$ cat work_6.txt   # compact mmCIF, C-alpha atoms and all ligand atoms
# COMPACT_ATOMS: atom_id res chain seq x y z
CA MET L 1 9.97 8.15 25.56
CA PRO L 2 8.83 4.56 26.40
CA ASN L 3 7.06 5.49 29.62
CA GLU L 4 4.64 7.89 28.06
CA ILE L 5 3.66 5.52 25.23
CA TYR L 6 0.61 4.30 27.11
CA ASP L 7 -0.52 7.67 28.39
CA LYS L 8 -4.29 7.61 28.41
CA TRP L 9 -6.26 9.72 25.98
CA GLN L 10 -3.42 10.88 23.83
CA LYS L 11 -3.53 12.22 20.33
CA ARG L 12 -0.68 12.26 17.84
CA TYR L 13 -0.29 14.54 14.85
CA HIS L 14 -0.14 12.85 11.44
CA PRO L 15 2.31 15.06 9.52
CA LEU L 16 1.59 13.56 6.08
CA ARG L 17 -2.20 13.89 6.33
CA MET L 18 -2.08 17.01 8.51
CA GLU L 19 -4.65 15.68 10.99
CA TRP L 20 -4.87 14.22 14.50
CA VAL L 21 -5.13 10.53 15.38
CA VAL L 22 -6.54 9.61 18.81
CA TYR L 23 -5.18 6.62 20.79
CA SER L 24 -7.01 4.81 23.55
CA ALA L 25 -5.04 1.59 24.01
CA HIS L 26 -6.03 1.43 27.67
CA ARG L 27 -9.54 0.36 26.56
CA ASN L 28 -8.25 -2.54 24.47
CA ASN L 29 -8.55 -5.53 26.77
CA ARG L 30 -11.02 -7.65 24.86
CA PRO L 31 -9.87 -11.26 24.45
CA TRP L 32 -9.35 -12.88 21.06
CA SER L 33 -12.37 -14.76 19.77
CA PHE L 34 -11.00 -16.43 16.70
CA ASP L 35 -10.08 -19.93 15.69
CA LEU L 36 -6.46 -19.58 14.59
CA LYS L 37 -5.81 -21.57 11.46
CA LYS L 38 -3.77 -21.30 8.29
CA HIS L 39 -5.85 -20.12 5.36
CA ALA L 40 -3.47 -19.79 2.44
CA SER L 41 -2.22 -23.34 2.06
CA GLN L 42 -5.72 -24.76 1.57
CA ALA L 43 -5.97 -23.56 -2.04
CA PRO L 44 -4.52 -25.67 -4.89
CA SER L 45 -1.54 -24.36 -6.93
CA TYR L 46 -3.79 -24.33 -10.01
CA ASP L 47 -7.52 -23.65 -10.01
CA PRO L 48 -9.36 -24.33 -13.28
CA GLY L 49 -12.06 -21.84 -12.22
CA CYS L 50 -9.63 -18.97 -11.55
CA TYR L 51 -9.57 -16.19 -14.16
CA LEU L 52 -5.96 -15.33 -13.23
CA CYS L 53 -4.36 -18.79 -13.49
CA PRO L 54 -2.20 -19.50 -16.59
CA GLY L 55 -4.10 -20.76 -19.64
CA ASN L 56 -7.52 -20.00 -18.19
CA GLN L 57 -10.31 -18.07 -19.90
CA ARG L 58 -11.07 -14.57 -18.68
CA ALA L 59 -14.07 -12.34 -19.31
CA ALA L 60 -14.90 -11.28 -22.89
CA GLY L 61 -13.19 -14.33 -24.36
CA HIS L 62 -9.58 -13.44 -23.50
CA ALA L 63 -7.36 -16.32 -22.42
CA ASN L 64 -4.31 -16.02 -20.18
CA PRO L 65 -1.02 -17.19 -21.71
CA ASP L 66 0.88 -20.01 -20.05
CA TYR L 67 2.89 -17.44 -18.10
CA HIS L 68 5.66 -18.26 -15.62
CA ASP L 69 6.45 -15.44 -13.24
CA VAL L 70 4.74 -12.05 -13.57
CA PHE L 71 1.88 -11.43 -15.99
CA VAL L 72 0.31 -8.03 -16.75
CA PHE L 73 -2.94 -7.49 -18.64
CA ASP L 74 -5.49 -4.72 -19.19
CA ASN L 75 -8.48 -5.12 -16.88
CA ASP L 76 -11.42 -6.60 -18.80
CA TYR L 77 -13.80 -4.27 -16.97
CA PRO L 78 -11.68 -1.14 -16.51
CA VAL L 79 -12.80 1.60 -14.16
CA VAL L 80 -11.24 4.17 -16.52
CA GLY L 81 -10.56 3.95 -20.28
CA MET L 82 -8.44 5.77 -22.86
CA GLU L 83 -11.43 5.70 -25.20
CA ALA L 84 -13.66 7.57 -22.77
CA PRO L 85 -15.80 10.02 -24.76
CA ASN L 86 -14.66 13.61 -24.36
CA ILE L 87 -16.87 15.29 -21.81
CA GLN L 88 -16.22 18.73 -20.40
CA TRP L 89 -19.27 20.11 -18.77
CA ASP L 90 -20.24 22.33 -15.89
CA THR L 91 -23.32 24.00 -14.53
CA HIS L 92 -24.34 26.39 -11.74
CA ASP L 93 -21.48 28.74 -12.66
CA GLY L 94 -18.93 25.91 -12.52
CA LEU L 95 -19.97 24.65 -9.10
CA TYR L 96 -20.89 21.24 -10.54
CA GLN L 97 -18.47 19.82 -13.09
CA LYS L 98 -18.02 16.60 -14.97
CA ALA L 99 -15.32 15.35 -17.30
CA SER L 100 -14.32 12.09 -18.95
CA ALA L 101 -12.47 9.59 -16.73
CA LYS L 102 -9.50 8.72 -18.93
CA GLY L 103 -6.91 6.20 -17.93
CA ILE L 104 -5.61 2.66 -18.00
CA ALA L 105 -6.51 -0.11 -15.55
CA ARG L 106 -4.23 -3.12 -15.37
CA VAL L 107 -3.92 -6.31 -13.38
CA VAL L 108 -0.52 -7.69 -12.35
CA CYS L 109 -0.36 -11.39 -11.43
CA TYR L 110 2.62 -11.93 -9.12
CA ALA L 111 3.01 -15.65 -9.79
CA ARG L 112 1.59 -18.51 -11.83
CA GLU L 113 0.89 -20.45 -8.65
CA HIS L 114 -2.65 -19.83 -7.45
CA ASN L 115 -1.87 -20.48 -3.79
CA LEU L 116 1.35 -18.52 -3.25
CA THR L 117 1.77 -15.01 -1.89
CA LEU L 118 4.81 -12.71 -1.94
CA SER L 119 5.44 -14.05 1.55
CA ASP L 120 6.15 -17.54 0.17
CA VAL L 121 8.29 -16.98 -2.95
CA PRO L 122 12.10 -16.60 -3.16
CA PRO L 123 13.27 -12.94 -2.79
CA GLU L 124 14.25 -12.66 -6.46
CA ARG L 125 10.64 -13.26 -7.46
CA VAL L 126 9.51 -10.37 -5.24
CA ALA L 127 12.19 -8.21 -6.86
CA ARG L 128 10.84 -9.27 -10.27
CA VAL L 129 7.40 -7.89 -9.31
CA PHE L 130 9.05 -4.57 -8.40
CA GLU L 131 10.88 -4.56 -11.75
CA VAL L 132 7.57 -4.99 -13.55
CA TRP L 133 6.04 -2.14 -11.54
CA ARG L 134 9.02 0.03 -12.55
CA GLU L 135 8.60 -0.98 -16.23
CA GLU L 136 4.92 -0.09 -16.07
CA MET L 137 5.75 3.29 -14.52
CA ILE L 138 8.27 4.04 -17.29
CA GLY L 139 5.55 3.34 -19.86
CA PHE L 140 2.96 5.53 -18.11
CA ALA L 141 5.45 8.41 -17.78
CA LYS L 142 5.73 8.46 -21.60
CA ASN L 143 1.96 8.72 -22.02
CA PRO L 144 0.91 12.39 -22.16
CA ASP L 145 -2.65 11.50 -21.11
CA ILE L 146 -1.54 9.99 -17.77
CA HIS L 147 -1.16 12.29 -14.77
CA SER L 148 -0.82 9.91 -11.80
CA VAL L 149 -0.49 6.19 -11.10
CA LEU L 150 -1.86 4.15 -8.23
CA ILE L 151 -0.40 0.66 -7.71
CA PHE L 152 -2.46 -1.18 -5.11
CA GLU L 153 -3.29 -4.60 -3.76
CA ASN L 154 -6.39 -5.59 -1.86
CA LYS L 155 -5.53 -8.83 -0.08
CA GLY L 156 -7.98 -11.05 1.75
CA GLU L 157 -11.73 -11.66 1.90
CA ILE L 158 -12.04 -9.10 4.67
CA VAL L 159 -11.15 -6.36 2.16
CA GLY L 160 -13.48 -7.85 -0.44
CA VAL L 161 -11.17 -10.13 -2.43
CA SER L 162 -12.47 -13.66 -2.82
CA ASN L 163 -9.82 -14.84 -5.33
CA PRO L 164 -6.58 -15.78 -3.51
CA HIS L 165 -4.50 -15.75 -6.73
CA PRO L 166 -1.66 -13.31 -5.89
CA HIS L 167 -2.18 -10.10 -7.83
CA CYS L 168 -2.41 -6.34 -7.63
CA GLN L 169 -3.95 -3.63 -9.77
CA ILE L 170 -2.74 -0.45 -11.39
CA TYR L 171 -4.87 2.60 -12.11
CA ALA L 172 -3.10 5.15 -14.31
CA VAL L 173 -5.36 8.19 -14.47
CA ASP L 174 -5.60 11.68 -15.96
CA PHE L 175 -6.12 13.51 -12.65
CA PRO L 176 -4.07 14.06 -9.45
CA LEU L 177 -4.53 11.57 -6.61
CA GLN L 178 -5.91 13.31 -3.56
CA LEU L 179 -3.63 11.83 -0.87
CA ILE L 180 -0.50 12.46 -2.91
CA GLU L 181 -1.55 16.08 -3.38
CA ARG L 182 -2.09 16.44 0.36
CA GLU L 183 1.34 14.93 1.11
CA GLN L 184 2.98 17.28 -1.38
CA LEU L 185 1.29 20.22 0.33
CA ALA L 186 2.41 18.94 3.77
CA ALA L 187 5.98 18.55 2.47
CA GLU L 188 5.91 22.03 0.97
CA GLN L 189 4.75 23.59 4.24
CA HIS L 190 7.31 21.62 6.28
CA GLN L 191 10.07 22.70 3.90
CA SER L 192 9.14 26.37 4.12
CA ILE L 193 8.88 26.31 7.93
CA THR L 194 11.89 24.13 8.79
CA GLY L 195 14.01 24.20 5.63
CA ARG L 196 14.06 20.41 5.70
CA ASN L 197 12.38 17.57 3.81
CA LEU L 198 9.33 16.13 5.58
CA PHE L 199 9.88 12.53 4.47
CA ALA L 200 13.57 12.60 5.43
CA ASP L 201 12.63 14.00 8.83
CA ILE L 202 10.05 11.23 9.42
CA ILE L 203 12.55 8.50 8.44
CA ALA L 204 15.24 10.08 10.66
CA ALA L 205 12.81 10.33 13.61
CA GLU L 206 11.81 6.68 13.24
CA GLN L 207 15.44 5.57 13.02
CA LYS L 208 16.33 7.66 16.06
CA ASP L 209 13.44 6.29 18.15
CA GLY L 210 14.07 2.79 16.79
CA LEU L 211 11.20 1.16 18.65
CA ARG L 212 8.73 1.18 15.76
CA ILE L 213 11.06 -0.21 13.07
CA VAL L 214 10.03 -3.66 11.80
CA ALA L 215 12.51 -4.27 8.94
CA GLU L 216 15.65 -2.57 7.69
CA ASN L 217 18.44 -3.26 5.22
CA ASP L 218 21.04 -1.13 3.41
CA GLU L 219 18.53 0.25 0.93
CA ALA L 220 15.17 0.40 2.71
CA VAL L 221 13.48 0.80 6.07
CA ALA L 222 10.00 -0.25 7.25
CA PHE L 223 8.18 0.94 10.36
CA VAL L 224 4.83 1.32 12.07
CA PRO L 225 4.77 5.12 12.06
CA PHE L 226 4.41 7.14 15.27
CA PHE L 227 1.10 8.40 13.83
CA ALA L 228 -0.31 5.03 12.59
CA ARG L 229 -4.08 4.98 12.06
CA TYR L 230 -4.36 1.20 11.73
CA ALA L 231 -2.98 -1.24 14.32
CA TYR L 232 -0.48 -2.92 11.98
CA GLU L 233 0.01 -0.06 9.54
CA VAL L 234 3.51 -0.11 7.99
CA LEU L 235 5.37 2.31 5.71
CA VAL L 236 8.32 1.01 3.66
CA PHE L 237 10.71 3.68 2.34
CA PRO L 238 13.74 3.40 0.08
CA LYS L 239 16.46 5.18 2.07
CA ARG L 240 17.41 7.48 -0.80
CA ARG L 241 14.73 9.85 -1.98
CA HIS L 242 13.02 8.97 -5.26
CA ALA L 243 9.75 10.50 -6.44
CA THR L 244 8.68 7.33 -8.28
CA LEU L 245 9.93 3.78 -8.85
CA ILE L 246 11.31 4.87 -12.24
CA THR L 247 14.62 6.20 -10.91
CA LEU L 248 15.40 3.40 -8.41
CA THR L 249 18.59 1.49 -9.22
CA ASP L 250 18.39 -2.29 -9.37
CA LYS L 251 20.12 -2.49 -5.99
CA GLU L 252 17.62 -0.09 -4.43
CA LEU L 253 14.74 -1.96 -6.03
CA GLN L 254 16.03 -5.27 -4.61
CA GLY L 255 16.48 -3.73 -1.16
CA LEU L 256 12.97 -2.30 -1.22
CA ALA L 257 11.58 -5.66 -2.36
CA ALA L 258 13.46 -7.44 0.44
CA ALA L 259 12.04 -5.08 3.08
CA TYR L 260 8.58 -5.48 1.54
CA GLN L 261 8.82 -9.26 1.76
CA GLU L 262 10.08 -9.14 5.33
CA VAL L 263 7.04 -7.03 6.28
CA VAL L 264 4.51 -9.40 4.67
CA ARG L 265 6.23 -12.40 6.26
CA ARG L 266 6.04 -10.73 9.66
CA PHE L 267 2.36 -9.96 9.00
CA ASP L 268 1.67 -13.63 8.23
CA GLY L 269 3.52 -14.72 11.34
CA VAL L 270 1.83 -12.44 13.83
CA PHE L 271 -1.47 -14.40 13.91
CA ASP L 272 -0.25 -17.38 11.85
CA LEU L 273 -2.62 -16.61 8.98
CA SER L 274 -2.36 -15.11 5.50
CA PHE L 275 -2.62 -11.50 6.64
CA PRO L 276 -5.14 -9.27 4.86
CA TYR L 277 -4.23 -5.72 3.90
CA VAL L 278 -4.67 -2.86 1.52
CA MET L 279 -1.26 -2.04 0.04
CA ASN L 280 -0.52 0.93 -2.15
CA ILE L 281 2.55 2.66 -3.46
CA HIS L 282 2.65 6.42 -2.94
CA GLN L 283 4.43 8.05 -5.89
CA ALA L 284 4.64 11.55 -7.32
CA PRO L 285 2.68 12.29 -10.50
CA VAL L 286 4.17 11.33 -13.90
CA ASP L 287 2.80 14.44 -15.62
CA GLY L 288 6.10 15.63 -17.04
CA LYS L 289 7.00 17.85 -14.08
CA THR L 290 9.69 16.97 -11.53
CA TYR L 291 8.97 16.40 -7.85
CA PRO L 292 12.36 16.49 -6.09
CA ASP L 293 10.77 16.83 -2.62
CA TYR L 294 8.50 13.80 -2.91
CA HIS L 295 9.69 10.49 -1.45
CA LEU L 296 7.94 7.35 -2.67
CA TYR L 297 6.88 4.69 -0.19
CA VAL L 298 4.90 1.48 0.11
CA HIS L 299 1.94 1.77 2.45
CA PHE L 300 0.34 -1.25 4.13
CA GLN L 301 -2.99 -0.64 5.84
CA PRO L 302 -4.17 -3.96 7.32
CA PRO L 303 -7.75 -3.94 8.62
CA LEU L 304 -7.21 -6.41 11.49
CA ARG L 305 -6.64 -5.36 15.10
CA GLN L 306 -6.83 -8.96 16.30
CA PRO L 307 -7.67 -12.21 14.45
CA GLY L 308 -11.28 -11.91 13.30
CA LEU L 309 -11.57 -8.38 14.65
CA PRO L 310 -11.30 -5.73 11.93
CA LYS L 311 -11.17 -1.99 12.39
CA TYR L 312 -14.58 -0.64 11.42
CA LEU L 313 -14.77 2.89 10.19
CA ALA L 314 -17.62 4.65 11.94
CA GLY L 315 -18.59 7.98 13.48
CA PRO L 316 -15.16 9.58 14.00
CA GLU L 317 -13.51 8.17 10.86
CA ILE L 318 -16.42 8.56 8.42
CA GLY L 319 -18.13 11.43 10.15
CA ALA L 320 -15.13 13.58 10.98
CA GLY L 321 -12.16 12.13 9.11
CA ASN L 322 -10.13 11.54 12.28
CA PHE L 323 -9.08 8.02 13.28
CA MET L 324 -9.60 6.60 16.76
CA ALA L 325 -7.07 3.79 17.36
CA ASP L 326 -7.24 1.42 20.31
CA THR L 327 -3.73 0.02 19.88
CA MET L 328 -0.35 1.70 20.21
CA PRO L 329 2.11 1.76 17.29
CA GLU L 330 5.06 0.84 19.56
CA GLU L 331 3.28 -2.26 20.86
CA LYS L 332 2.30 -3.48 17.38
CA ALA L 333 5.80 -2.85 16.00
CA ALA L 334 7.22 -4.95 18.84
CA GLU L 335 4.80 -7.78 17.97
CA LEU L 336 5.90 -7.69 14.32
CA ARG L 337 9.58 -7.63 15.27
CA ALA L 338 9.09 -10.64 17.57
CA VAL L 339 7.83 -12.85 14.72
CA LYS L 340 10.37 -15.61 14.00
CA LEU L 341 11.12 -15.71 10.27
ZN ZN V 401 -5.41 -18.67 -9.94

$ encode --input "work_6.txt" --output "structure tokens"
Amino acid sequence: MPNEIYDKWQKRYHPLRMEWVVYSAHRNNRPWSFDLKKHASQAPSYDPGCYLCPGNQRAAGHANPDYHDVFVFDNDYPVVGMEAPNIQWDTHDGLYQKASAKGIARVVCYAREHNLTLSDVPPERVARVFEVWREEMIGFAKNPDIHSVLIFENKGEIVGVSNPHPHCQIYAVDFPLQLIEREQLAAEQHQSITGRNLFADIIAAEQKDGLRIVAENDEAVAFVPFFARYAYEVLVFPKRRHATLITLTDKELQGLAAAYQEVVRRFDGVFDLSFPYVMNIHQAPVDGKTYPDYHLYVHFQPPLRQPGLPKYLAGPEIGAGNFMADTMPEEKAAELRAVKL
């Protein structure tokens, strides 16, 4: 395989999204134009102006408790609400529809320290964040109004986050999430054609190739997938199949957290800066049905190709829905593996 990695003008099939990704790494010879410097350590451990720091005032008069490790609260300006007025309306023979957007929006602070990230804290504190995510999922699964849950983190100014306080968000909503639905459909088709599980096949292929793996332990494996759309895109899977975080054992949860932390530490090391990304956890719906074929994973989609050089979505991505990548997954995985931890 290695020799054909850099074949010019190649496309690779993305089996989870059921679409092509085009690679043109041979065009990527622009030099870096960025002043490398550490960003994270410049912030203080407590910022009196931060609405996430312990003891500080938030919007609408709420004050944060003097919390120690992880702190969860309902978003003061939620994008969805359980008290949404009941709307069920359509026109033009059902072509145009609207309905109430019911759900719960929460914020999860990872740490009391304003200037830490999950890269910096001891592993047990990362595992604690995963435990809280699992507790939240258990609660949402009991709520008959919740269909699906999105746990996500936007990290870094480049993805629009100006507050460095380490945190993520949870949207628990009353409708199916589009990408999860597409992955379920892809898994269904793969199962009916091959008789095998799509996620298990992807993990096995990555382990067999080996050259895109960036972290692995007994319980979890992380890799830049063969079909990556972003330069440093990484998927982190628990090795045993679970549809959601709810059924992970403590040992599996700790293993997944350890792989997660190894990935973010490698990210930070690759350009020696606090690495920006969009992170989300892909999980099956919690609508009361079972999803034995779905395999949860953590998805990192970092915008940077080089320091100071983000991937801009333009004609092909916005106009057609197909990504054009100018880096190769194998090369980026090797860079992440080479980071000294
Ligand atoms: Zn803060």

$ residues_near_ligand --input "work_6.txt" --ligand "ligand ZN 401 (chain V)" --cutoff "8 Å" --atoms "all atoms listed in the file" --output "ChimeraX atom specification"
/L:45-54,112-115,163-166

$ residues_near_point --input "work_6.txt" --point "(-12.5, 5.8, 10.8)" --cutoff "12 Å" --atoms "all atoms listed in the file" --output "ChimeraX atom specification"
/L:20-22,229-230,303,310-326

$ closest_residue --input "work_6.txt" --among "L:Arg212, L:Ile138, L:Ala257, L:Met328" --to "Asp7 of chain L" --atoms "all atoms listed in the file"
L:Met328

$ atom_distance --input "work_6.txt" --atom1 "atom CA of Val236 of chain L" --atom2 "atom CA of Ala259 of chain L"
7.2 Å

$ closest_residue --input "work_6.txt" --among "L:Ile146, L:Ala99, L:Ala84, L:Leu245" --to "Asp174 of chain L" --atoms "all atoms listed in the file"
L:Ile146

$ closest_residue --input "work_6.txt" --among "L:Val278, L:Val298, L:Val161, L:Ile246" --to "Ala220 of chain L" --atoms "all atoms listed in the file"
L:Val298

$ atom_distance --input "work_6.txt" --atom1 "atom CA of Ser24 of chain L" --atom2 "atom CA of Glu206 of chain L"
21.5 Å

$ closest_residue --input "work_6.txt" --among "L:Glu216, L:Glu252, L:Asp201, L:Asp74" --to "Gly103 of chain L" --atoms "all atoms listed in the file"
L:Asp74

$ residues_near_point --input "work_6.txt" --point "(9.4, -2.9, -1.2)" --cutoff "12 Å" --atoms "all atoms listed in the file" --output "PyMOL selection string"
chain L and resi 118+123+126-131+133-134+215-217+219-222+234-239+245+248+251-264+279-282+296-300

$ atom_distance --input "work_6.txt" --atom1 "atom CA of Glu153 of chain L" --atom2 "atom CA of Glu135 of chain L"
17.6 Å

$ closest_residue --input "work_6.txt" --among "L:Ser119, L:Gln191, L:Gln88, L:Asn154" --to "Leu341 of chain L" --atoms "all atoms listed in the file"
L:Ser119

$ axis_aligned_box --input "work_6.txt" --around "segment 128-136 of chain L" --padding-each-side "8 Å" --output "lines of an AutoDock Vina configuration file"
center_x = 7.9
center_y = -4.6
center_z = -12.3
size_x = 22.0
size_y = 25.3
size_z = 23.8

$ residues_around --input "work_6.txt" --residues "Val72 of chain L" --least-positions-apart "5" --cutoff "10 Å" --atoms "all atoms listed in the file" --output "VMD selection string"
chain L and resid 64 67 106 to 110 132 to 133 136 167 to 170

$ residues_around --input "work_6.txt" --residues "Gln178 of chain L" --least-positions-apart "3" --cutoff "12 Å" --atoms "all atoms listed in the file" --output "ChimeraX atom specification"
/L:17,148-150,175,181-185,282-285

$ closest_residue --input "work_6.txt" --among "L:Glu188, L:Asp145, L:Asp69, L:Asp218" --to "Ser100 of chain L" --atoms "only C-alpha atoms"
L:Asp145

$ residues_around --input "work_6.txt" --residues "Val80 of chain L" --least-positions-apart "4" --cutoff "7 Å" --atoms "all atoms listed in the file" --output "NGL selection string"
:L and (101-105)

$ residues_around --input "work_6.txt" --residues "Tyr232 of chain L" --least-positions-apart "4" --cutoff "9 Å" --atoms "all atoms listed in the file" --output "list in words"
Val224, Ala228, Phe267, Phe300, Gln301, Pro302, Pro303, Leu304, Arg305, Pro329, Lys332, Ala333 and Leu336 of chain L

$ write_last_selection --input "work_6.txt" --atoms "C-alpha atoms" --output "mmCIF file, in the frame of the given file"
data_model
loop_
_atom_site.group_PDB
_atom_site.id
_atom_site.type_symbol
_atom_site.label_atom_id
_atom_site.label_comp_id
_atom_site.auth_asym_id
_atom_site.auth_seq_id
_atom_site.Cartn_x
_atom_site.Cartn_y
_atom_site.Cartn_z
ATOM 1 C CA VAL L 224 4.830 1.320 12.070
ATOM 2 C CA ALA L 228 -0.310 5.030 12.590
ATOM 3 C CA PHE L 267 2.360 -9.960 9.000
ATOM 4 C CA PHE L 300 0.340 -1.250 4.130
ATOM 5 C CA GLN L 301 -2.990 -0.640 5.840
ATOM 6 C CA PRO L 302 -4.170 -3.960 7.320
ATOM 7 C CA PRO L 303 -7.750 -3.940 8.620
ATOM 8 C CA LEU L 304 -7.210 -6.410 11.490
ATOM 9 C CA ARG L 305 -6.640 -5.360 15.100
ATOM 10 C CA PRO L 329 2.110 1.760 17.290
ATOM 11 C CA LYS L 332 2.300 -3.480 17.380
ATOM 12 C CA ALA L 333 5.800 -2.850 16.000
ATOM 13 C CA LEU L 336 5.900 -7.690 14.320
#
